[in-house]
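A quick write-up on the structure given underneath.
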Amino acid sequence: MCTVVDVREETPRARTIVLDVPGWPDHLAGQHVDVRLTADDGYQAQRSYSIASPPGSAGLALTVEQIDDGEVSPYLTDELRVGDSFELRGPIGGYFTWNVRDGGPLLLVAGGSGLVPLMAMVRHRRQEASDIDTRLLVSVGSREDVLYQAELAEAPRQGVACHYTLTRHWDAQWAGWTRRVDAEMIGAVGPGPEERPLIFVCGPTPFVEHVADLLVALGHEAARVRTERFGPTGG
Ligand SMILES: Cc1cc2nc3c(=O)[nH]c(=O)nc-3n(C[C@H](O)[C@H](O)[C@H](O)COP(=O)(O)OP(=O)(O)OC[C@H]3O[C@@H](n4cnc5c(N)ncnc54)[C@H](O)[C@@H]3O)c2cc1C
């Protein structure tokens, strides 16, 4: 069981939930947990959520984006309160993880809430005062959907190059990209295949497949492209 110790709005559709998990064994950046909710009548629902906090943090942070017709995410974004408890299993996953000792350069590509496990990597890099060359590309519908905006605004000063593309709404002030991730964009973000970056791609299943195909077509070694799919349960 874990207990909610803090909740904070990240965007109009997403919030971060900070948990106290007694006996938490710590985790690696990129891992996730399984959250299991039980209703008063005994009905249970389970979903996976990436860990947003870096290893060694006092509280375990999850960031949940609301899916309109979803079963679990609207409860986590709208109804869960400080002091509530639920079942949690983890940490889970050993493949989609990064530690500063793994080196770089690092290319992180996020679709929507796929930013969550990548943010754990960015935070881990900062905590370790690492200067590993790191590039982040975030694809979202509109500017307000970008998670962790204040923190990411500081990231370039810590050596993380941040790039954004908006796929649905943008205003006249927006100077960034306004299209789906494509080969030209990945080339502009870099690093190129000759630098043999470690690449992590996370987001909805179609996004991840599209970006992974682009990366391999650009000459990146498939073995250096790690993916995590946030598709519907089982997807
Ligand atoms: C390893 C892993 C890590 C994850 N980490 C996070 C995370 O950090 N933050 C987060 O918000 N979510 C994360 N997810 C997605 C999460 O597990 C749920 O799928 C999501 O919260 C929707 O659950 P729901 O019960 O609200 O929707 P459901 O009731 O399961 O689905 C409702 C409808 O939405 C569609 N749908 C379900 N999931 C998605 C999705 N992700 N994108 C678009 N449509 C969807 C379904 O096909 C269905 O039509 C992760 C998934 C995996 C597998």
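Ligands are numbered from 1 in the order shown, chains are lettered A, B, ... in the order of the structure tokens, and residues start at 1 in each chain.
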Ligand 1 neighbours within 6 Å using only C-alpha atoms and all ligand atoms, as a list of chain:residue names: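 Final answer, ordered by chain and number: A:His32, A:Arg47, A:Ser48, A:Tyr49, A:Ser50, A:Thr63, A:Val64, A:Glu65, A:Ile67, A:Asp69, A:Gly70, A:Glu71, A:Val72, A:Ser73, A:Pro74, A:Ser113, A:Val116, A:Pro204, A:Arg229, A:Phe230, A:Gly231, A:Pro232, A:Thr233.
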So that I can see what lies close to range 170-174 of chain A, please list as a VMD selection string the residues with an atom at most 9 Å from it, counting only C-alpha atoms and leaving out residues fewer than 3 positions away in the same chain. chain A and resid 141 to 143 166 to 167 177 to 178
Within 8 Å of range 6-8 of chain A, counting only C-alpha atoms, which residues qualify if same-chain residues fewer than 2 places away don't, as an mmCIF file with all heavy atoms, in the first residue's frame?
```
data_model
loop_
_atom_site.group_PDB
_atom_site.id
_atom_site.type_symbol
_atom_site.label_atom_id
_atom_site.label_comp_id
_atom_site.auth_asym_id
_atom_site.auth_seq_id
_atom_site.Cartn_x
_atom_site.Cartn_y
_atom_site.Cartn_z
ATOM 1 N N VAL A 4 -0.949 8.866 -0.517
ATOM 2 C CA VAL A 4 -0.737 10.105 -1.259
ATOM 3 C C VAL A 4 -0.298 11.198 -0.277
ATOM 4 O O VAL A 4 -1.005 11.477 0.696
ATOM 5 C CB VAL A 4 -2.035 10.538 -1.978
ATOM 6 C CG1 VAL A 4 -1.827 11.843 -2.732
ATOM 7 C CG2 VAL A 4 -2.526 9.435 -2.906
ATOM 8 N N GLU A 10 -0.095 19.700 -13.187
ATOM 9 C CA GLU A 10 1.002 19.908 -14.144
ATOM 10 C C GLU A 10 0.487 20.660 -15.366
ATOM 11 O O GLU A 10 1.145 21.565 -15.864
ATOM 12 C CB GLU A 10 1.584 18.565 -14.598
ATOM 13 C CG GLU A 10 2.312 17.796 -13.509
ATOM 14 C CD GLU A 10 3.651 18.416 -13.125
ATOM 15 O OE1 GLU A 10 4.088 19.389 -13.779
ATOM 16 O OE2 GLU A 10 4.248 17.914 -12.158
ATOM 17 N N ARG A 15 -1.848 15.614 -13.630
ATOM 18 C CA ARG A 15 -1.306 16.016 -12.341
ATOM 19 C C ARG A 15 -0.305 15.007 -11.816
ATOM 20 O O ARG A 15 -0.326 13.831 -12.186
ATOM 21 C CB ARG A 15 -2.399 16.302 -11.333
ATOM 22 C CG ARG A 15 -3.065 15.127 -10.714
ATOM 23 C CD ARG A 15 -4.060 15.663 -9.665
ATOM 24 N NE ARG A 15 -4.708 14.603 -8.962
ATOM 25 C CZ ARG A 15 -5.594 14.810 -7.988
ATOM 26 N NH1 ARG A 15 -5.951 16.025 -7.628
ATOM 27 N NH2 ARG A 15 -6.137 13.784 -7.372
ATOM 28 N N THR A 16 0.564 15.522 -10.981
ATOM 29 C CA THR A 16 1.587 14.691 -10.357
ATOM 30 C C THR A 16 1.108 14.300 -8.974
ATOM 31 O O THR A 16 0.605 15.135 -8.221
ATOM 32 C CB THR A 16 2.931 15.450 -10.303
ATOM 33 O OG1 THR A 16 3.429 15.555 -11.642
ATOM 34 C CG2 THR A 16 3.953 14.726 -9.445
ATOM 35 N N ILE A 17 1.258 13.025 -8.676
ATOM 36 C CA ILE A 17 0.852 12.464 -7.396
ATOM 37 C C ILE A 17 2.125 11.983 -6.709
ATOM 38 O O ILE A 17 2.871 11.187 -7.290
ATOM 39 C CB ILE A 17 -0.101 11.266 -7.639
ATOM 40 C CG1 ILE A 17 -1.352 11.742 -8.390
ATOM 41 C CG2 ILE A 17 -0.450 10.566 -6.349
ATOM 42 C CD1 ILE A 17 -2.100 10.613 -9.069
ATOM 43 N N VAL A 18 2.364 12.502 -5.507
ATOM 44 C CA VAL A 18 3.561 12.078 -4.778
ATOM 45 C C VAL A 18 3.134 11.101 -3.689
ATOM 46 O O VAL A 18 2.181 11.369 -2.943
ATOM 47 C CB VAL A 18 4.321 13.280 -4.183
ATOM 48 C CG1 VAL A 18 5.609 12.816 -3.510
ATOM 49 C CG2 VAL A 18 4.627 14.312 -5.268
ATOM 50 N N LEU A 19 3.840 9.977 -3.628
ATOM 51 C CA LEU A 19 3.437 8.877 -2.754
ATOM 52 C C LEU A 19 4.496 8.550 -1.721
ATOM 53 O O LEU A 19 5.701 8.602 -2.021
ATOM 54 C CB LEU A 19 3.196 7.620 -3.601
ATOM 55 C CG LEU A 19 2.164 7.769 -4.723
ATOM 56 C CD1 LEU A 19 2.289 6.609 -5.702
ATOM 57 C CD2 LEU A 19 0.767 7.829 -4.129
ATOM 58 N N ARG A 81 -7.089 12.175 -3.309
ATOM 59 C CA ARG A 81 -6.747 13.267 -2.388
ATOM 60 C C ARG A 81 -5.571 12.880 -1.508
ATOM 61 O O ARG A 81 -5.322 11.683 -1.290
ATOM 62 C CB ARG A 81 -7.937 13.568 -1.452
ATOM 63 C CG ARG A 81 -9.192 14.032 -2.156
ATOM 64 C CD ARG A 81 -9.092 15.510 -2.561
ATOM 65 N NE ARG A 81 -10.252 15.912 -3.337
ATOM 66 C CZ ARG A 81 -10.311 15.923 -4.673
ATOM 67 N NH1 ARG A 81 -9.272 15.577 -5.390
ATOM 68 N NH2 ARG A 81 -11.409 16.294 -5.306
ATOM 69 N N VAL A 82 -4.891 13.885 -0.974
ATOM 70 C CA VAL A 82 -3.816 13.644 0.004
ATOM 71 C C VAL A 82 -4.403 12.817 1.150
ATOM 72 O O VAL A 82 -5.499 13.102 1.636
ATOM 73 C CB VAL A 82 -3.240 14.985 0.523
ATOM 74 C CG1 VAL A 82 -2.322 14.757 1.719
ATOM 75 C CG2 VAL A 82 -2.486 15.706 -0.596
#
```
For Tyr95 in chain A, please output as number ranges by chain all residues within 12 Å (counting only C-alpha atoms; exclusion window: fewer than 3 positions along the same chain). A: 28-32, 92, 98-99, 200, 223-228
Kindly export the residues of the current selection with all heavy atoms, as a CSV table (one decimal), in the first residue's frame.
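And here's again01.csv as it stands now:
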```csv
chain,number,residue,atom,x,y,z
A,28,LEU,N,15.2,2.6,-10.8
A,28,LEU,CA,16.1,3.2,-11.8
A,28,LEU,C,15.2,4.2,-12.6
A,28,LEU,O,14.0,3.9,-12.8
A,28,LEU,CB,16.6,2.1,-12.8
A,28,LEU,CG,17.6,1.1,-12.1
A,28,LEU,CD1,17.8,-0.1,-13.1
A,28,LEU,CD2,18.9,1.8,-11.7
A,29,ALA,N,15.8,5.2,-13.2
A,29,ALA,CA,15.1,6.2,-14.0
A,29,ALA,C,14.6,5.4,-15.3
A,29,ALA,O,15.4,4.7,-15.9
A,29,ALA,CB,16.0,7.3,-14.5
A,30,GLY,N,13.3,5.5,-15.5
A,30,GLY,CA,12.7,4.8,-16.6
A,30,GLY,C,11.7,3.7,-16.2
A,30,GLY,O,10.9,3.2,-17.0
A,31,GLN,N,11.8,3.2,-15.0
A,31,GLN,CA,11.0,2.2,-14.5
A,31,GLN,C,9.5,2.6,-14.2
A,31,GLN,O,9.3,3.8,-14.2
A,31,GLN,CB,11.5,1.5,-13.3
A,31,GLN,CG,12.8,0.7,-13.6
A,31,GLN,CD,13.2,-0.1,-12.3
A,31,GLN,OE1,13.6,0.5,-11.3
A,31,GLN,NE2,13.3,-1.4,-12.5
A,32,HIS,N,8.6,1.7,-14.1
A,32,HIS,CA,7.2,2.1,-13.8
A,32,HIS,C,6.7,1.2,-12.7
A,32,HIS,O,7.3,0.3,-12.1
A,32,HIS,CB,6.3,1.9,-15.1
A,32,HIS,CG,6.2,0.5,-15.6
A,32,HIS,ND1,7.1,-0.1,-16.4
A,32,HIS,CD2,5.2,-0.4,-15.4
A,32,HIS,CE1,6.7,-1.3,-16.7
A,32,HIS,NE2,5.6,-1.5,-16.1
A,92,ILE,N,9.0,-1.8,-11.7
A,92,ILE,CA,8.9,-2.8,-12.8
A,92,ILE,C,9.7,-2.3,-14.0
A,92,ILE,O,9.7,-1.1,-14.3
A,92,ILE,CB,7.5,-3.0,-13.2
A,92,ILE,CG1,6.6,-3.5,-12.0
A,92,ILE,CG2,7.4,-4.1,-14.3
A,92,ILE,CD1,5.1,-3.5,-12.2
A,98,TRP,N,17.8,4.1,-17.6
A,98,TRP,CA,19.1,4.8,-17.9
A,98,TRP,C,19.7,5.3,-16.6
A,98,TRP,O,19.0,5.8,-15.7
A,98,TRP,CB,18.9,6.0,-18.8
A,98,TRP,CG,20.2,6.7,-19.1
A,98,TRP,CD1,21.2,6.2,-20.0
A,98,TRP,CD2,20.7,7.9,-18.6
A,98,TRP,NE1,22.2,7.1,-20.0
A,98,TRP,CE2,21.9,8.2,-19.1
A,98,TRP,CE3,20.2,8.8,-17.6
A,98,TRP,CZ2,22.7,9.3,-18.8
A,98,TRP,CZ3,20.9,9.9,-17.3
A,98,TRP,CH2,22.2,10.2,-17.9
A,99,ASN,N,21.0,5.1,-16.5
A,99,ASN,CA,21.8,5.5,-15.4
A,99,ASN,C,23.0,6.3,-15.9
A,99,ASN,O,23.5,6.0,-17.0
A,99,ASN,CB,22.3,4.3,-14.6
A,99,ASN,CG,23.0,4.6,-13.4
A,99,ASN,OD1,24.2,5.1,-13.4
A,99,ASN,ND2,22.4,4.3,-12.2
A,200,PHE,N,15.9,6.9,-26.2
A,200,PHE,CA,14.7,6.4,-25.5
A,200,PHE,C,13.5,7.1,-26.1
A,200,PHE,O,13.5,8.4,-26.1
A,200,PHE,CB,14.9,6.7,-24.0
A,200,PHE,CG,15.9,5.9,-23.3
A,200,PHE,CD1,17.2,6.4,-23.3
A,200,PHE,CD2,15.6,4.7,-22.7
A,200,PHE,CE1,18.2,5.6,-22.7
A,200,PHE,CE2,16.6,4.0,-22.1
A,200,PHE,CZ,17.9,4.4,-22.1
A,223,ALA,N,19.5,-1.5,-31.9
A,223,ALA,CA,19.8,-2.0,-30.5
A,223,ALA,C,20.0,-0.8,-29.6
A,223,ALA,O,20.0,-1.0,-28.3
A,223,ALA,CB,21.1,-2.9,-30.5
A,224,ARG,N,20.2,0.4,-30.1
A,224,ARG,CA,20.4,1.6,-29.2
A,224,ARG,C,19.2,2.4,-29.1
A,224,ARG,O,19.2,3.4,-28.5
A,224,ARG,CB,21.6,2.4,-29.7
A,224,ARG,CG,22.9,1.7,-29.7
A,224,ARG,CD,24.1,2.5,-30.2
A,224,ARG,NE,24.6,3.5,-29.2
A,224,ARG,CZ,25.4,3.2,-28.3
A,224,ARG,NH1,25.8,2.0,-28.1
A,224,ARG,NH2,25.8,4.2,-27.5
A,225,VAL,N,18.1,1.9,-29.7
A,225,VAL,CA,16.8,2.6,-29.7
A,225,VAL,C,15.9,1.8,-28.7
A,225,VAL,O,15.4,0.7,-29.1
A,225,VAL,CB,16.1,2.7,-31.0
A,225,VAL,CG1,14.8,3.5,-31.0
A,225,VAL,CG2,17.1,3.4,-32.0
A,226,ARG,N,15.6,2.3,-27.5
A,226,ARG,CA,14.8,1.7,-26.6
A,226,ARG,C,13.4,2.4,-26.6
A,226,ARG,O,13.3,3.6,-26.6
A,226,ARG,CB,15.4,1.7,-25.2
A,226,ARG,CG,16.7,0.9,-25.2
A,226,ARG,CD,17.2,0.6,-23.9
A,226,ARG,NE,18.5,-0.1,-24.1
A,226,ARG,CZ,19.3,-0.5,-23.2
A,226,ARG,NH1,18.9,-0.4,-21.9
A,226,ARG,NH2,20.4,-1.2,-23.5
A,227,THR,N,12.4,1.5,-26.5
A,227,THR,CA,11.0,2.1,-26.6
A,227,THR,C,10.1,1.7,-25.4
A,227,THR,O,10.3,0.6,-24.9
A,227,THR,CB,10.3,1.7,-27.9
A,227,THR,OG1,10.3,0.3,-28.0
A,227,THR,CG2,11.1,2.2,-29.1
A,228,GLU,N,9.2,2.5,-25.1
A,228,GLU,CA,8.2,2.2,-24.1
A,228,GLU,C,6.8,2.7,-24.6
A,228,GLU,O,6.7,3.9,-25.0
A,228,GLU,CB,8.5,2.9,-22.8
A,228,GLU,CG,7.4,2.6,-21.7
A,228,GLU,CD,7.9,1.6,-20.7
A,228,GLU,OE1,8.0,0.4,-21.1
A,228,GLU,OE2,8.2,2.0,-19.5
```
Nearest to Glu195 in chain A, chosen from A:Val140, A:Ala217, A:Leu106, A:Cys162, with only C-alpha atoms counted in the distances: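 Looking only at the distances to Glu195 in chain A, the closest residue turns out to be A:Leu106.
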So that I can check the surroundings of Asp133 in chain A, please list as number ranges by chain every protein, DNA and RNA residue that reaches within 7 Å of it, counting only C-alpha atoms and ignoring chain neighbours fewer than 3 positions away. A: 104-106, 159
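DSSP on the backbone gives strand (DSSP E or B) for these parts of range 85-144 of chain A: Ser85, Phe86, Glu87, Leu88, Arg89, Gly90, Pro91, Ile92, Trp98, Leu106, Leu107, Leu108, Val109, Ala110, Gly111, Thr134, Arg135, Leu136, Leu137, Val138, Ser139 and Val140 of chain A.
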Mind writing the picked residues with N, CA and C atoms as an mmCIF file, in the first residue's frame?
```
data_model
loop_
_atom_site.group_PDB
_atom_site.id
_atom_site.type_symbol
_atom_site.label_atom_id
_atom_site.label_comp_id
_atom_site.auth_asym_id
_atom_site.auth_seq_id
_atom_site.Cartn_x
_atom_site.Cartn_y
_atom_site.Cartn_z
ATOM 1 N N SER A 85 -5.093 6.052 0.128
ATOM 2 C CA SER A 85 -4.156 4.946 -0.048
ATOM 3 C C SER A 85 -4.619 4.026 -1.161
ATOM 4 N N PHE A 86 -3.668 3.371 -1.822
ATOM 5 C CA PHE A 86 -4.023 2.327 -2.798
ATOM 6 C C PHE A 86 -2.849 1.369 -2.930
ATOM 7 N N GLU A 87 -3.104 0.266 -3.644
ATOM 8 C CA GLU A 87 -2.065 -0.744 -3.820
ATOM 9 C C GLU A 87 -1.136 -0.359 -4.956
ATOM 10 N N LEU A 88 0.124 -0.631 -4.759
ATOM 11 C CA LEU A 88 1.121 -0.288 -5.771
ATOM 12 C C LEU A 88 2.147 -1.424 -5.828
ATOM 13 N N ARG A 89 2.540 -1.816 -7.059
ATOM 14 C CA ARG A 89 3.528 -2.872 -7.222
ATOM 15 C C ARG A 89 4.679 -2.325 -8.058
ATOM 16 N N GLY A 90 5.894 -2.589 -7.631
ATOM 17 C CA GLY A 90 7.033 -2.136 -8.424
ATOM 18 C C GLY A 90 8.280 -2.008 -7.588
ATOM 19 N N PRO A 91 9.351 -1.504 -8.138
ATOM 20 C CA PRO A 91 9.484 -0.985 -9.503
ATOM 21 C C PRO A 91 9.534 -2.111 -10.527
ATOM 22 N N ILE A 92 9.029 -1.813 -11.734
ATOM 23 C CA ILE A 92 8.935 -2.809 -12.807
ATOM 24 C C ILE A 92 9.722 -2.305 -14.019
ATOM 25 N N TRP A 98 17.808 4.121 -17.629
ATOM 26 C CA TRP A 98 19.091 4.783 -17.882
ATOM 27 C C TRP A 98 19.708 5.253 -16.579
ATOM 28 N N LEU A 106 22.745 11.224 -25.258
ATOM 29 C CA LEU A 106 21.402 10.758 -24.984
ATOM 30 C C LEU A 106 20.404 11.512 -25.862
ATOM 31 N N LEU A 107 19.523 10.756 -26.511
ATOM 32 C CA LEU A 107 18.422 11.373 -27.266
ATOM 33 C C LEU A 107 17.109 10.836 -26.692
ATOM 34 N N LEU A 108 16.284 11.746 -26.180
ATOM 35 C CA LEU A 108 15.020 11.379 -25.539
ATOM 36 C C LEU A 108 13.874 11.934 -26.377
ATOM 37 N N VAL A 109 12.959 11.087 -26.788
ATOM 38 C CA VAL A 109 11.858 11.536 -27.638
ATOM 39 C C VAL A 109 10.533 11.147 -26.977
ATOM 40 N N ALA A 110 9.713 12.167 -26.672
ATOM 41 C CA ALA A 110 8.472 11.940 -25.924
ATOM 42 C C ALA A 110 7.248 12.336 -26.728
ATOM 43 N N GLY A 111 6.219 11.515 -26.654
ATOM 44 C CA GLY A 111 4.913 11.883 -27.172
ATOM 45 C C GLY A 111 3.986 12.050 -25.981
ATOM 46 N N THR A 134 22.765 15.733 -23.853
ATOM 47 C CA THR A 134 21.384 15.239 -23.798
ATOM 48 C C THR A 134 20.470 16.120 -24.623
ATOM 49 N N ARG A 135 19.694 15.501 -25.501
ATOM 50 C CA ARG A 135 18.725 16.226 -26.331
ATOM 51 C C ARG A 135 17.343 15.646 -26.057
ATOM 52 N N LEU A 136 16.382 16.536 -25.902
ATOM 53 C CA LEU A 136 15.009 16.120 -25.624
ATOM 54 C C LEU A 136 14.089 16.684 -26.698
ATOM 55 N N LEU A 137 13.276 15.832 -27.285
ATOM 56 C CA LEU A 137 12.271 16.277 -28.254
ATOM 57 C C LEU A 137 10.900 15.854 -27.734
ATOM 58 N N VAL A 138 10.016 16.848 -27.562
ATOM 59 C CA VAL A 138 8.686 16.589 -27.007
ATOM 60 C C VAL A 138 7.627 16.933 -28.062
ATOM 61 N N SER A 139 6.752 15.978 -28.332
ATOM 62 C CA SER A 139 5.644 16.208 -29.261
ATOM 63 C C SER A 139 4.338 16.188 -28.476
ATOM 64 N N VAL A 140 3.574 17.290 -28.580
ATOM 65 C CA VAL A 140 2.300 17.395 -27.863
ATOM 66 C C VAL A 140 1.283 18.109 -28.747
#
```
Go through range 30-132 of chain A and collect every residue that DSSP, computed from the backbone, puts in alpha helix (DSSP H); the answer should be as a ChimeraX atom specification. /A:73-74,115-127
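Here CA of Glu144 in chain A and CA of Leu80 in chain A stand 22.4 Å from one another.
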